[in-house]
Each structure stands twice: as structure tokens, then as C-alpha cells.
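Visitor: The file below is work21.txt, compact mmCIF, C-alpha atoms:
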# COMPACT_ATOMS: atom_id res chain seq x y z
CA MET A 235 36.33 -6.49 25.50
CA PRO A 236 33.56 -5.76 23.00
CA THR A 237 34.28 -6.44 19.36
CA ILE A 238 33.04 -4.71 16.23
CA LYS A 239 32.64 -6.31 12.84
CA ILE A 240 33.87 -4.17 9.99
CA PRO A 241 31.98 -4.31 6.69
CA THR A 242 33.87 -5.49 3.62
CA PRO A 243 34.28 -2.03 1.99
CA LEU A 244 36.01 -0.66 5.09
CA ARG A 245 38.38 -3.57 5.69
CA THR A 246 40.98 -1.98 3.44
CA TYR A 247 41.39 0.57 6.26
CA THR A 248 41.75 -2.04 9.00
CA GLY A 249 44.52 -4.03 7.37
CA GLY A 250 41.96 -6.57 6.14
CA ASN A 251 40.73 -7.34 9.65
CA ALA A 252 37.02 -8.08 9.84
CA GLU A 253 36.69 -8.15 13.63
CA ILE A 254 38.30 -5.52 15.84
CA GLU A 255 38.53 -5.41 19.63
CA VAL A 256 37.40 -2.06 20.92
CA SER A 257 36.99 -0.40 24.28
CA GLY A 258 34.24 1.83 25.60
CA ASN A 259 30.98 1.73 27.54
CA THR A 260 28.83 3.34 24.85
CA VAL A 261 28.57 3.07 21.08
CA ALA A 262 29.98 6.61 20.80
CA ALA A 263 33.06 5.67 22.89
CA ILE A 264 33.54 2.47 20.89
CA LEU A 265 33.42 4.28 17.54
CA GLU A 266 35.82 6.87 18.88
CA ASP A 267 38.22 4.12 19.88
CA LEU A 268 37.80 2.43 16.50
CA VAL A 269 38.57 5.64 14.62
CA ALA A 270 41.57 6.24 16.94
CA GLN A 271 42.91 2.82 15.98
CA TYR A 272 42.17 3.27 12.28
CA PRO A 273 41.96 7.00 11.48
CA ASP A 274 41.23 6.42 7.77
CA LEU A 275 37.80 5.08 8.73
CA LYS A 276 36.68 8.45 10.01
CA GLN A 277 35.59 10.09 6.77
CA HIS A 278 33.52 7.08 5.81
CA LEU A 279 31.73 6.82 9.16
CA PHE A 280 31.33 10.44 10.16
CA HIS A 281 30.31 13.64 8.45
CA GLU A 282 30.76 16.91 10.32
CA GLY A 283 31.08 15.00 13.58
CA GLN A 284 27.84 13.05 13.11
CA LEU A 285 27.52 9.39 12.24
CA ARG A 286 26.57 9.26 8.54
CA ASP A 287 22.93 8.29 8.18
CA PHE A 288 23.71 5.39 5.87
CA VAL A 289 26.03 3.85 8.47
CA ASN A 290 24.07 1.40 10.57
CA VAL A 291 25.46 0.13 13.85
CA PHE A 292 24.05 -3.02 15.37
CA ILE A 293 24.58 -4.58 18.77
CA GLY A 294 23.79 -8.21 18.22
CA GLU A 295 20.55 -8.09 16.24
CA ASP A 296 19.52 -4.60 17.38
CA ASP A 297 19.93 -1.43 15.40
CA ILE A 298 21.19 1.21 17.85
CA ARG A 299 18.62 3.64 16.40
CA GLU A 300 15.98 1.51 18.09
CA ARG A 301 17.82 1.87 21.38
CA ASP A 302 19.59 5.08 22.46
CA GLY A 303 21.51 5.78 19.27
CA ILE A 304 25.20 6.36 19.81
CA ASN A 305 24.56 6.73 23.54
CA THR A 306 23.47 3.09 23.76
CA ALA A 307 25.35 1.30 26.56
CA VAL A 308 27.72 -1.48 25.54
CA GLN A 309 28.69 -4.49 27.68
CA ALA A 310 32.13 -6.07 27.59
CA THR A 311 30.74 -9.19 25.94
CA ASP A 312 28.77 -7.37 23.23
CA ARG A 313 29.47 -7.91 19.56
CA LEU A 314 28.86 -4.84 17.47
CA ARG A 315 28.64 -4.62 13.74
CA ILE A 316 28.70 -1.86 11.15
CA ILE A 317 26.32 -2.45 8.27
CA PRO A 318 26.37 -0.11 5.31
CA SER A 319 23.10 1.03 3.78
CA ILE A 320 23.33 0.17 0.14
CA ALA A 321 21.56 2.82 -1.85
CA GLY A 322 21.69 4.24 -5.31
CA GLY A 323 19.69 6.28 -7.70
CA THR A 324 19.50 8.84 -10.39
CA ASP A 325 19.48 12.53 -9.65
CA GLU A 326 16.34 14.33 -8.73
CA GLY A 327 15.00 17.03 -10.92
CA ILE A 328 16.78 15.94 -14.08
CA LEU A 329 13.52 15.04 -15.75
CA SER A 330 10.30 13.67 -14.50
CA GLN A 331 9.03 10.64 -16.32
CA VAL A 332 5.65 9.36 -17.37
CA ASP A 333 4.75 5.84 -18.40
CA HIS A 334 2.69 6.44 -21.52
CA SER A 335 1.50 2.83 -21.57
CA ALA A 336 -0.38 3.55 -18.33
CA ILE A 337 -1.91 6.65 -19.87
CA ARG A 338 -2.94 4.77 -23.01
CA THR A 339 -4.55 2.03 -20.89
CA ASN A 340 -6.51 4.76 -19.13
CA GLN A 341 -7.68 6.20 -22.45
CA ALA A 342 -8.57 2.83 -23.96
CA ALA A 343 -10.64 1.99 -20.85
CA ILE A 344 -12.43 5.36 -20.98
CA ILE A 345 -13.26 4.96 -24.67
CA THR A 346 -14.47 1.35 -24.27
CA LEU A 347 -16.67 2.07 -21.27
CA LEU A 348 -18.18 5.26 -22.70
CA LEU A 349 -18.89 3.63 -26.07
CA PHE A 350 -20.52 0.71 -24.30
CA ALA A 351 -22.54 3.11 -22.14
CA PHE A 352 -23.74 4.90 -25.29
CA ILE A 353 -24.64 1.69 -27.12
CA VAL A 354 -26.66 0.24 -24.25
CA GLN A 355 -27.82 3.72 -23.10
CA LEU A 356 -26.47 3.37 -19.58
CA PRO A 357 -25.84 6.79 -17.97
CA LEU A 358 -24.75 5.08 -14.76
CA LEU A 359 -21.64 3.77 -16.52
CA VAL A 360 -20.73 7.32 -17.58
CA GLY A 361 -21.04 8.23 -13.90
CA PHE A 362 -18.75 5.34 -13.01
CA VAL A 363 -16.10 6.54 -15.51
CA SER A 364 -16.40 10.04 -14.07
CA LEU A 365 -15.95 8.82 -10.51
CA THR A 366 -12.95 6.70 -11.49
CA LEU A 367 -11.34 9.67 -13.21
CA PHE A 368 -12.04 11.97 -10.26
CA ILE A 369 -10.50 9.53 -7.81
CA GLY A 370 -7.52 9.04 -10.14
CA THR A 371 -7.02 12.79 -10.45
CA MET A 372 -7.05 13.20 -6.68
CA ASN A 373 -4.77 10.24 -6.09
CA GLU A 374 -2.85 8.78 -9.01
CA ARG A 375 -2.39 5.47 -7.25
CA LEU A 376 -6.14 4.91 -6.89
CA ASN A 377 -6.86 5.19 -10.62
CA LEU A 378 -8.63 1.92 -11.37
CA PHE A 379 -7.59 1.82 -15.03
CA LYS A 380 -3.93 2.49 -14.24
CA LEU A 381 -4.08 -0.11 -11.48
CA LEU A 382 -5.23 -2.57 -14.11
CA TYR A 383 -2.12 -1.68 -16.10
CA GLN A 384 0.24 -1.82 -13.11
CA SER A 385 -1.13 -4.95 -11.49
CA VAL A 386 -2.16 -7.05 -14.47
CA LEU A 387 -1.21 -5.84 -17.95
CA ARG A 388 2.41 -4.83 -17.24
CA PRO A 389 3.44 -7.69 -14.90
CA ARG A 390 1.99 -10.27 -17.34
CA GLY A 391 3.88 -8.72 -20.23
CA ILE A 392 0.65 -7.86 -22.10
CA LEU A 393 1.78 -4.24 -22.28
CA LYS A 394 5.33 -2.98 -22.09
CA PRO A 395 6.29 0.20 -20.25
CA ASP A 396 6.78 3.21 -22.48
CA ILE A 397 8.60 5.63 -20.22
CA LYS A 398 9.19 9.09 -21.61
CA PRO A 399 10.61 12.22 -20.08
CA ASP A 400 7.40 14.13 -19.48
CA ASN A 401 5.51 16.13 -16.87
CA PRO A 402 2.79 14.14 -15.12
CA GLU A 403 0.85 17.32 -14.16
CA PRO A 404 -0.65 18.12 -17.60
CA HIS A 405 -1.85 14.52 -17.91
CA ARG A 406 -3.43 14.77 -14.50
CA PHE A 407 -5.09 18.02 -15.50
CA SER A 408 -6.32 16.35 -18.65
CA GLN A 409 -7.79 13.53 -16.62
CA GLY A 410 -9.49 16.10 -14.38
CA LEU A 411 -11.10 17.63 -17.49
CA GLY A 412 -12.28 14.18 -18.55
CA ALA A 413 -13.74 13.68 -15.07
CA THR A 414 -15.56 17.03 -15.25
CA PHE A 415 -16.96 16.43 -18.76
CA THR A 416 -18.20 12.95 -17.86
CA ALA A 417 -19.70 14.27 -14.59
CA LEU A 418 -21.62 16.94 -16.54
CA SER A 419 -22.59 14.31 -19.10
CA THR A 420 -24.03 12.11 -16.31
CA LEU A 421 -25.89 15.07 -14.88
CA PHE A 422 -27.47 15.98 -18.24
CA LEU A 423 -28.39 12.36 -18.89
CA ILE A 424 -30.08 12.12 -15.49
CA ILE A 425 -32.19 15.19 -16.19
CA LYS A 426 -33.01 13.73 -19.60
CA LEU A 427 -31.08 16.28 -21.66
CA SER A 428 -29.73 13.34 -23.62
CA VAL A 429 -28.33 15.20 -26.63
CA ILE A 430 -26.09 17.42 -24.46
CA GLY A 431 -25.32 14.48 -22.15
CA TRP A 432 -24.19 12.10 -24.88
CA GLY A 433 -22.54 14.98 -26.74
CA LEU A 434 -20.24 15.55 -23.77
CA ALA A 435 -19.54 11.83 -23.47
CA TRP A 436 -18.65 11.74 -27.18
CA LEU A 437 -16.36 14.74 -26.73
CA VAL A 438 -14.42 12.75 -24.14
CA ILE A 439 -14.37 9.68 -26.43
CA VAL A 440 -13.02 11.74 -29.34
CA LEU A 441 -10.37 13.53 -27.26
CA ALA A 442 -9.25 10.29 -25.58
CA GLY A 443 -9.15 8.64 -29.02
CA LEU A 444 -7.12 11.50 -30.45
CA ASN A 445 -4.61 11.07 -27.64
CA LEU A 446 -4.60 7.28 -27.91
CA PHE A 447 -4.11 7.12 -31.66
CA THR A 448 -2.15 10.28 -32.46
CA GLY A 449 -0.51 11.12 -29.15
CA PHE A 450 -2.06 14.60 -29.10
CA CYS A 451 -3.21 15.38 -25.56
CA ALA A 452 -5.78 18.19 -25.76
CA GLY A 453 -5.89 18.63 -21.98
CA CYS A 454 -2.09 18.94 -21.90
CA PHE A 455 -2.32 21.56 -24.67
CA VAL A 456 -4.72 23.58 -22.54
CA TYR A 457 -2.46 23.13 -19.50
CA TYR A 458 0.62 24.42 -21.38
CA GLN A 459 -1.36 27.36 -22.78
CA LEU A 460 -2.32 28.32 -19.23
CA SER A 461 1.30 27.79 -18.16
CA LYS A 462 2.48 30.05 -21.02
CA HIS A 463 0.23 32.81 -19.68
CA ASN A 464 1.62 32.27 -16.18
CA VAL A 465 -1.69 31.19 -14.69
CA ARG A 466 -1.12 30.21 -11.07
CA GLY A 467 -0.84 26.49 -10.42
CA PHE A 468 0.16 25.75 -14.03
CA ASN A 469 3.89 26.08 -13.66
CA LYS A 470 5.30 23.18 -15.69
CA ARG A 471 6.74 23.97 -19.08
CA PRO A 472 6.85 21.55 -22.00
CA ILE A 473 9.87 19.25 -21.91
CA ARG A 474 12.04 19.42 -24.98
CA ILE A 475 14.69 16.81 -25.53
CA MET B 283 40.00 -1.41 -10.72
CA LYS B 284 39.29 -4.32 -13.00
CA LEU B 285 36.20 -6.46 -12.68
CA LEU B 286 35.89 -9.70 -14.57
CA LEU B 287 32.32 -10.73 -15.14
CA PRO B 288 31.55 -14.19 -16.55
CA ASN B 289 29.48 -14.06 -19.72
CA GLU B 290 26.93 -16.45 -18.25
CA LEU B 291 26.23 -14.19 -15.24
CA TYR B 292 25.60 -10.93 -17.03
CA PRO B 293 22.28 -12.01 -18.63
CA ASN B 294 21.02 -12.82 -15.11
CA ILE B 295 21.83 -9.29 -13.98
CA VAL B 296 20.10 -7.83 -17.04
CA SER B 297 16.99 -9.97 -16.66
CA HIS B 298 16.75 -9.00 -12.98
CA LEU B 299 17.05 -5.31 -13.82
CA CYS B 300 14.53 -5.61 -16.66
CA SER B 301 12.10 -7.31 -14.28
CA THR B 302 12.21 -4.30 -11.95
CA TYR B 303 12.05 -1.77 -14.82
CA PRO B 304 10.80 0.98 -14.94
CA ASN B 305 11.88 1.00 -11.30
CA GLU B 306 15.43 0.62 -10.11
CA GLY B 307 16.79 -2.74 -9.13
CA GLY B 308 20.05 -3.91 -7.66
CA GLY B 309 22.01 -6.72 -6.10
CA PHE B 310 25.37 -7.82 -4.82
CA LEU B 311 28.43 -9.06 -6.63
CA VAL B 312 30.34 -11.77 -4.78
CA GLY B 313 33.60 -13.36 -5.84
CA LYS B 314 37.34 -13.30 -5.37
CA ILE B 315 40.16 -10.82 -5.57
CA HIS B 316 43.20 -12.20 -7.32
CA GLN B 317 46.77 -11.32 -6.42
CA ASP B 318 46.98 -8.85 -9.28
CA GLU B 319 43.99 -7.00 -7.71
CA GLN B 320 41.66 -8.18 -10.45
CA ARG B 321 38.23 -8.97 -9.13
CA VAL B 322 36.35 -11.92 -10.48
CA VAL B 323 32.60 -12.16 -9.96
CA GLU B 324 31.49 -15.68 -9.15
CA GLU B 325 27.96 -15.15 -7.89
CA ILE B 326 25.29 -12.49 -8.03
CA TYR B 327 22.59 -11.88 -5.42
CA PRO B 328 19.61 -9.78 -6.49
CA VAL B 329 18.05 -7.94 -3.56
CA GLU B 330 14.70 -6.32 -3.08
CA ASN B 331 14.37 -2.59 -3.52
CA THR B 332 12.93 -1.38 -0.22
CA PHE B 333 12.78 2.33 -1.02
CA ALA B 334 9.26 3.87 -0.86
CA GLU B 335 7.43 2.48 -3.89
CA GLN B 336 6.55 5.77 -5.52
CA GLU B 337 10.24 6.76 -5.50
CA GLN B 338 11.60 3.49 -6.86
CA PHE B 339 11.79 4.84 -10.40
CA HIS B 340 14.90 6.73 -9.33
CA ARG B 341 15.88 5.23 -5.98
CA PHE B 342 17.23 1.95 -4.71
CA LEU B 343 17.78 0.75 -1.16
CA ALA B 344 18.76 -2.67 0.13
CA GLU B 345 17.71 -3.84 3.59
CA SER B 346 20.46 -4.10 6.22
CA SER B 347 19.45 -7.71 6.77
CA ALA B 348 20.07 -8.53 3.10
CA TYR B 349 23.53 -7.01 3.31
CA GLN B 350 24.28 -8.84 6.56
CA GLN B 351 23.20 -12.19 5.17
CA ILE B 352 25.24 -11.92 1.99
CA GLU B 353 28.36 -10.61 3.71
CA ASP B 354 28.19 -13.41 6.31
CA MET B 355 27.77 -15.98 3.58
CA ALA B 356 30.71 -14.57 1.61
CA ASP B 357 32.94 -14.39 4.71
CA ALA B 358 32.07 -17.96 5.74
CA ARG B 359 32.95 -19.30 2.28
CA GLY B 360 36.16 -17.34 1.85
CA LEU B 361 34.61 -15.13 -0.81
CA THR B 362 34.51 -11.34 -0.94
CA LEU B 363 31.60 -9.00 -1.30
CA LEU B 364 33.05 -7.19 -4.30
CA GLY B 365 30.40 -4.59 -4.81
CA TYR B 366 26.94 -4.17 -6.12
CA TYR B 367 25.06 -3.57 -9.31
CA HIS B 368 22.05 -1.37 -9.85
CA SER B 369 20.03 -0.03 -12.73
CA HIS B 370 19.56 3.50 -13.97
CA PRO B 371 16.20 3.31 -15.75
CA ASN B 372 16.12 5.61 -18.80
CA VAL B 373 19.30 7.48 -17.90
CA ALA B 374 23.00 6.93 -18.53
CA ALA B 375 25.09 4.42 -16.57
CA VAL B 376 26.94 7.24 -14.87
CA PRO B 377 26.87 7.63 -11.07
CA SER B 378 24.61 10.37 -9.79
CA GLU B 379 25.31 12.73 -6.93
CA TYR B 380 22.99 10.55 -4.87
CA ASP B 381 25.14 7.54 -5.73
CA ARG B 382 28.28 9.39 -4.66
CA ILE B 383 26.90 10.50 -1.30
CA HIS B 384 25.80 6.95 -0.50
CA ALA B 385 28.79 5.16 -1.97
CA TRP B 386 31.30 3.09 -0.05
CA PRO B 387 35.00 2.87 -0.75
CA PHE B 388 36.48 -0.29 -2.25
CA PHE B 389 33.17 -1.47 -3.72
CA ALA B 390 32.79 -2.03 -7.42
CA TYR B 391 29.69 -0.21 -8.62
CA LEU B 392 28.27 -1.73 -11.75
CA ILE B 393 25.60 0.55 -13.21
CA VAL B 394 23.40 -0.69 -16.03
CA SER B 395 21.31 1.73 -18.04
CA ILE B 396 17.94 0.20 -18.97
CA ARG B 397 15.67 1.68 -21.60
CA ASN B 398 12.48 0.10 -22.91
CA ASN B 399 13.22 -3.10 -21.03
CA GLN B 400 16.67 -3.49 -22.54
CA ALA B 401 20.17 -2.97 -21.19
CA VAL B 402 21.77 -0.31 -23.35
CA GLU B 403 24.96 0.47 -21.44
CA GLU B 404 26.94 -0.92 -18.54
CA ARG B 405 29.78 0.86 -16.77
CA LEU B 406 31.89 0.20 -13.73
CA TRP B 407 32.77 2.73 -11.06
CA GLN B 408 34.65 3.06 -7.80
CA LEU B 409 34.46 5.84 -5.23
CA SER B 410 37.64 7.90 -5.03
CA GLN B 411 39.64 7.84 -1.76
CA ASP B 412 38.53 11.37 -0.86
CA ARG B 413 34.86 10.48 -1.59
CA LYS B 414 34.64 13.42 -3.97
CA SER B 415 34.21 11.57 -7.24
CA PHE B 416 33.94 8.24 -8.99
CA ILE B 417 36.76 6.69 -10.97
CA GLU B 418 35.75 4.55 -13.89
CA GLY B 419 36.93 0.97 -13.71
CA GLU B 420 37.40 -1.62 -16.39
CA LEU B 421 34.63 -4.13 -16.92
CA LEU B 422 35.73 -7.26 -18.71
CA PHE B 423 33.48 -10.08 -19.78
CA ILE B 424 35.07 -13.51 -19.51
Transcribe the structure of this file into C-alpha cells.

Guide:
Amino acid sequence: MPTIKIPTPLRTYTGGNAEIEVSGNTVAAILEDLVAQYPDLKQHLFHEGQLRDFVNVFIGEDDIRERDGINTAVQATDRLRIIPSIAGGTDEGILSQVDHSAIRTNQAAIITLLLFAFIVQLPLLVGFVSLTLFIGTMNERLNLFKLLYQSVLRPRGILKPDIKPDNPEPHRFSQGLGATFTALSTLFLIIKLSVIGWGLAWLVIVLAGLNLFTGFCAGCFVYYQLSKHNVRGFNKRPIRI
Amino acid sequence: MKLLLPNELYPNIVSHLCSTYPNEGGGFLVGKIHQDEQRVVEEIYPVENTFAEQEQFHRFLAESSAYQQIEDMADARGLTLLGYYHSHPNVAAVPSEYDRIHAWPFFAYLIVSIRNNQAVEERLWQLSQDRKSFIEGELLFI
């Protein structure tokens, strides 16, 4: 007869037995027999007649999902096992969160690189900042400056996370503005309209500095103004705690 | 349900959960159940969070293989897999609806609230028999 190993949290329903002899030619028949022997198991294994998705059944080393699911054939000598998925978490939608240390790293990097570009008169570096910001706006995980924070500064304890309930969208919008301003700056510098070009770069430096040192995010302010006037695509409202 | 947690083990739990912060972390509690139903934690086993990385700030998932290994080890040594601990980064140490749906009976659920890399609250929970709610247990440090 096949046997099935019961996980610790369900052994209270099998009189403390860890290994139960069961009969059946398929996993479905075996589970049916198991539940017939120990009816209290049912609500923990099944929901509306279906095997709960965090209940994993193995035959030997194989997850039945990789075979034929509950229709998988079972031999008399097979040893089955129920393995619970252990999962936890906090509820969705309560509040989104933003790590402000990552944002500050981004701003500090922007300021440093743009200042350096201005001092050594290197428009190409402004272009590099612009490209980095564009990529980061398109895909948060590819933001070079934030990667520096996530892969080096945070793991080494140089910077500590500063997680706050916040909407990430306005910050992303803000970064998009920074990308646009620096792109225009690069363009003007290339066509030798240096005053306008560096003026735009300095605007980004000042706004990033304002955010870094006072916490006022001008781009976020613009985002929330647009949101207030119900502009499409700007649907997040300021979070008040 | 009463869970006795040795004073020397708790800092290990906290340092593990701070190391995964701002993401969730978790691990297993292994020990013995005494005749008076009190549970005594003897060992802790941190496990890797295998949920999709971008969701780890509010989700935790342990691999089946990790569970299997720890349960086998506990069974072989006459110990009991008493439950598991996990962190709630930046929110209270109160089970969420997600926790309830995924919870198992019998297990002791130790939830630690972590804020700014520090444990600020720890509470113990057990799923009710009808799966509809959590009942708070008593966490005692020994």
C-alpha cells in the first residue's frame, strides 16, 4: 500500500501519526481516502473541492504539478508526502512604500556628476546623466544610481534604508523631468547654446539639491497638482499619515 | 498557546530579520512540546525568501525543499517543527489577510515588526480551528 507523510501542522488531525497508509491508484483517490480516514484534514487541504494551491503533494522527490497533478498515477510502493507552502506577508494596498535613501543616492549622484560636468565643461557627462535617468524612469531596476545604493551602499551598511509610506509614481515622474531637462541641456550644449544648456543643468542641480537637503520634491509637487486637476495618468493622491 | 523563547535565540531572529529588511524574512522554529502544551523553542532555522524579488517588501515564501529538510531533521531528532517566524517590515506585528489564507493550523506564528532596521514589536499567533481568524498566543522569554 502507498503511504503518505503528513506535515507537522496536520498531525493533530491524524492522532499524531506522521505516516499514513492509504489506498488508491491516483493522487486524487489517495487524498480522498486520506480525508475519509481523517475528515478534519479536509478544510486544510481543499477549498471548494480543489486542492489548496499552497498544499504541495510530492511522490518521492517529484512535485505532482510537474507530472499530471492530482491525476498522477500512484504505485503500491510509492511514498507520498504533503508539504505545506510557508508564506506570509502584509496586506496589499495598505500603503505603498518608498526607500528615500535610494532616492537621495540618486539625487546626490545627479548633483555630483552635473557639477563635475560643469566644472570640466563636459556636455557628454550631462548626456550620460540624462540617459541614466531615462533608463531609470522606464525601468526602476535599471537605474544605475539606485543600483549603486542597492548593491553596494545598503548591503555594506554605508547607508541605511529610510522606508516611508509614499507613492513611487511622483518620484518616477520627477526623475522623468530630470531626464528631460538634462536631455535638453545636452542638446543645447551640443549646438553651442551654452548659457541655456548649463542653465538647464543648473536647474536640475538646484531642484535635486532642494530635494536632497530639504525633502521638497518639486517634480512630485507638479505631479500632485496634475493629480488634483484630474489629469489622466496622474491618479495618485498625496499620502497623509 | 504558549511559546517559550530563550533569551539567547531572540537576538538571532531579530538580526536575521534586520538583514533582510526592508524586505520580509522568515524562518522555522524547532523545539519541544511539553506535557502542559507549552512549546519551547530550542533552535531557529532562517530560510531564504524565494518570492519574486520586487514583491519581497511585503511577501515571504519558503521553498518546499527547505521545509522538507527542516521537518525531516526535526522528526529524526525527536523534535517538533513548532512554527515559523517572519517579519512585517514597517507595519504592525498583526497577521494580514494574506497570512490567514496561507496559514496552517497548529503552527505558532511569530511576527516581528521591523522599522528602520530595528525590531519594534513581536507577537505570537495561531490560526483558529475554523481558519477564519488568528488567536493571539502568549510569547514568553526564558

Visitor: Got a sec: who's within 12 Å of Ser297 (chain B), counting only C-alpha atoms, leaving out chain neighbours fewer than 2 positions off, as a PyMOL selection string?

Guide: chain B and resi 290-295+299-303+307-308+328+369+394+396+399-401

Visitor: Could you tell me which residues of chain B sit within 8 Å of chain A when counting all atoms listed in the file, and give me the result as a CSV table (one decimal) with C-alpha atoms, in the coordinates of the input?

Guide:
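Produced file part_19.csv, reproduced below:
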chain,number,residue,atom,x,y,z
B,304,PRO,CA,10.8,1.0,-14.9
B,306,GLU,CA,15.4,0.6,-10.1
B,340,HIS,CA,14.9,6.7,-9.3
B,341,ARG,CA,15.9,5.2,-6.0
B,342,PHE,CA,17.2,2.0,-4.7
B,343,LEU,CA,17.8,0.8,-1.2
B,344,ALA,CA,18.8,-2.7,0.1
B,345,GLU,CA,17.7,-3.8,3.6
B,346,SER,CA,20.5,-4.1,6.2
B,349,TYR,CA,23.5,-7.0,3.3
B,350,GLN,CA,24.3,-8.8,6.6
B,353,GLU,CA,28.4,-10.6,3.7
B,362,THR,CA,34.5,-11.3,-0.9
B,363,LEU,CA,31.6,-9.0,-1.3
B,368,HIS,CA,22.0,-1.4,-9.8
B,370,HIS,CA,19.6,3.5,-14.0
B,372,ASN,CA,16.1,5.6,-18.8
B,373,VAL,CA,19.3,7.5,-17.9
B,377,PRO,CA,26.9,7.6,-11.1
B,378,SER,CA,24.6,10.4,-9.8
B,379,GLU,CA,25.3,12.7,-6.9
B,380,TYR,CA,23.0,10.6,-4.9
B,381,ASP,CA,25.1,7.5,-5.7
B,384,HIS,CA,25.8,7.0,-0.5
B,385,ALA,CA,28.8,5.2,-2.0
B,386,TRP,CA,31.3,3.1,0.0
B,387,PRO,CA,35.0,2.9,-0.8
B,388,PHE,CA,36.5,-0.3,-2.2
B,389,PHE,CA,33.2,-1.5,-3.7
B,398,ASN,CA,12.5,0.1,-22.9
B,399,ASN,CA,13.2,-3.1,-21.0

Visitor: So the first atom is CA of Ile439 (chain A) and the second is CA of Leu358 (chain A); what is the distance between them in Å, to one decimal place?

Guide: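 So the two atoms, CA of Ile439 (chain A) and CA of Leu358 (chain A), lie 16.3 Å apart.
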
Visitor: Could you check how far CA of Phe379 (chain A) sits from CA of Ala343 (chain A), in Å to one decimal?

Guide: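 Atom-to-atom, CA of Phe379 (chain A) to CA of Ala343 (chain A), that is 6.6 Å.
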
Visitor: Determine, counting only C-alpha atoms, which protein, DNA and RNA residues have an atom within 12 Å of an atom of Gln459 (chain A); residues of the same chain fewer than 2 positions away are not included. Present the result as a ChimeraX atom specification.

Guide: /A:404,452-457,461-465,468-472

Visitor: Create the file for the chosen residues now, containing C-alpha atoms and written as a PDB file, in the coordinates of the input.

Guide:
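Contents of the output file again_25.pdb:
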ATOM      1  CA  PRO A 404      -0.650  18.120 -17.600  1.00  0.00           C
ATOM      2  CA  ALA A 452      -5.780  18.190 -25.760  1.00  0.00           C
ATOM      3  CA  GLY A 453      -5.890  18.630 -21.980  1.00  0.00           C
ATOM      4  CA  CYS A 454      -2.090  18.940 -21.900  1.00  0.00           C
ATOM      5  CA  PHE A 455      -2.320  21.560 -24.670  1.00  0.00           C
ATOM      6  CA  VAL A 456      -4.720  23.580 -22.540  1.00  0.00           C
ATOM      7  CA  TYR A 457      -2.460  23.130 -19.500  1.00  0.00           C
ATOM      8  CA  SER A 461       1.300  27.790 -18.160  1.00  0.00           C
ATOM      9  CA  LYS A 462       2.480  30.050 -21.020  1.00  0.00           C
ATOM     10  CA  HIS A 463       0.230  32.810 -19.680  1.00  0.00           C
ATOM     11  CA  ASN A 464       1.620  32.270 -16.180  1.00  0.00           C
ATOM     12  CA  VAL A 465      -1.690  31.190 -14.690  1.00  0.00           C
ATOM     13  CA  PHE A 468       0.160  25.750 -14.030  1.00  0.00           C
ATOM     14  CA  ASN A 469       3.890  26.080 -13.660  1.00  0.00           C
ATOM     15  CA  LYS A 470       5.300  23.180 -15.690  1.00  0.00           C
ATOM     16  CA  ARG A 471       6.740  23.970 -19.080  1.00  0.00           C
ATOM     17  CA  PRO A 472       6.850  21.550 -22.000  1.00  0.00           C
TER      18      PRO A 472
END

Visitor: I want to know what sits within 7 Å of Glu404 (chain B), based on only C-alpha atoms, with residues of the same chain fewer than 5 positions away left out; could you give that as number ranges by chain?

Guide: B: 375, 392-395

Visitor: Could those selected residues go to a file with C-alpha atoms, as a compact mmCIF listing (two decimals), in the coordinates of the input?

Guide:
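Final file, out.txt:
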# COMPACT_ATOMS: atom_id res chain seq x y z
CA ALA B 375 25.09 4.42 -16.57
CA LEU B 392 28.27 -1.73 -11.75
CA ILE B 393 25.60 0.55 -13.21
CA VAL B 394 23.40 -0.69 -16.03
CA SER B 395 21.31 1.73 -18.04

Visitor: Could you check how far CA of Arg382 (chain B) sits from CA of Asn331 (chain B), in Å to one decimal?

Guide: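 The value is 18.4 Å.
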
Visitor: Using all atoms listed in the file, which of B:Gln320, B:Asn305, B:Gln338, B:Ser347 sits nearest Gly419 (chain B)?

Guide: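 Ranking B:Gln320, B:Asn305, B:Gln338, B:Ser347 by distance to Gly419 (chain B), first place goes to B:Gln320.
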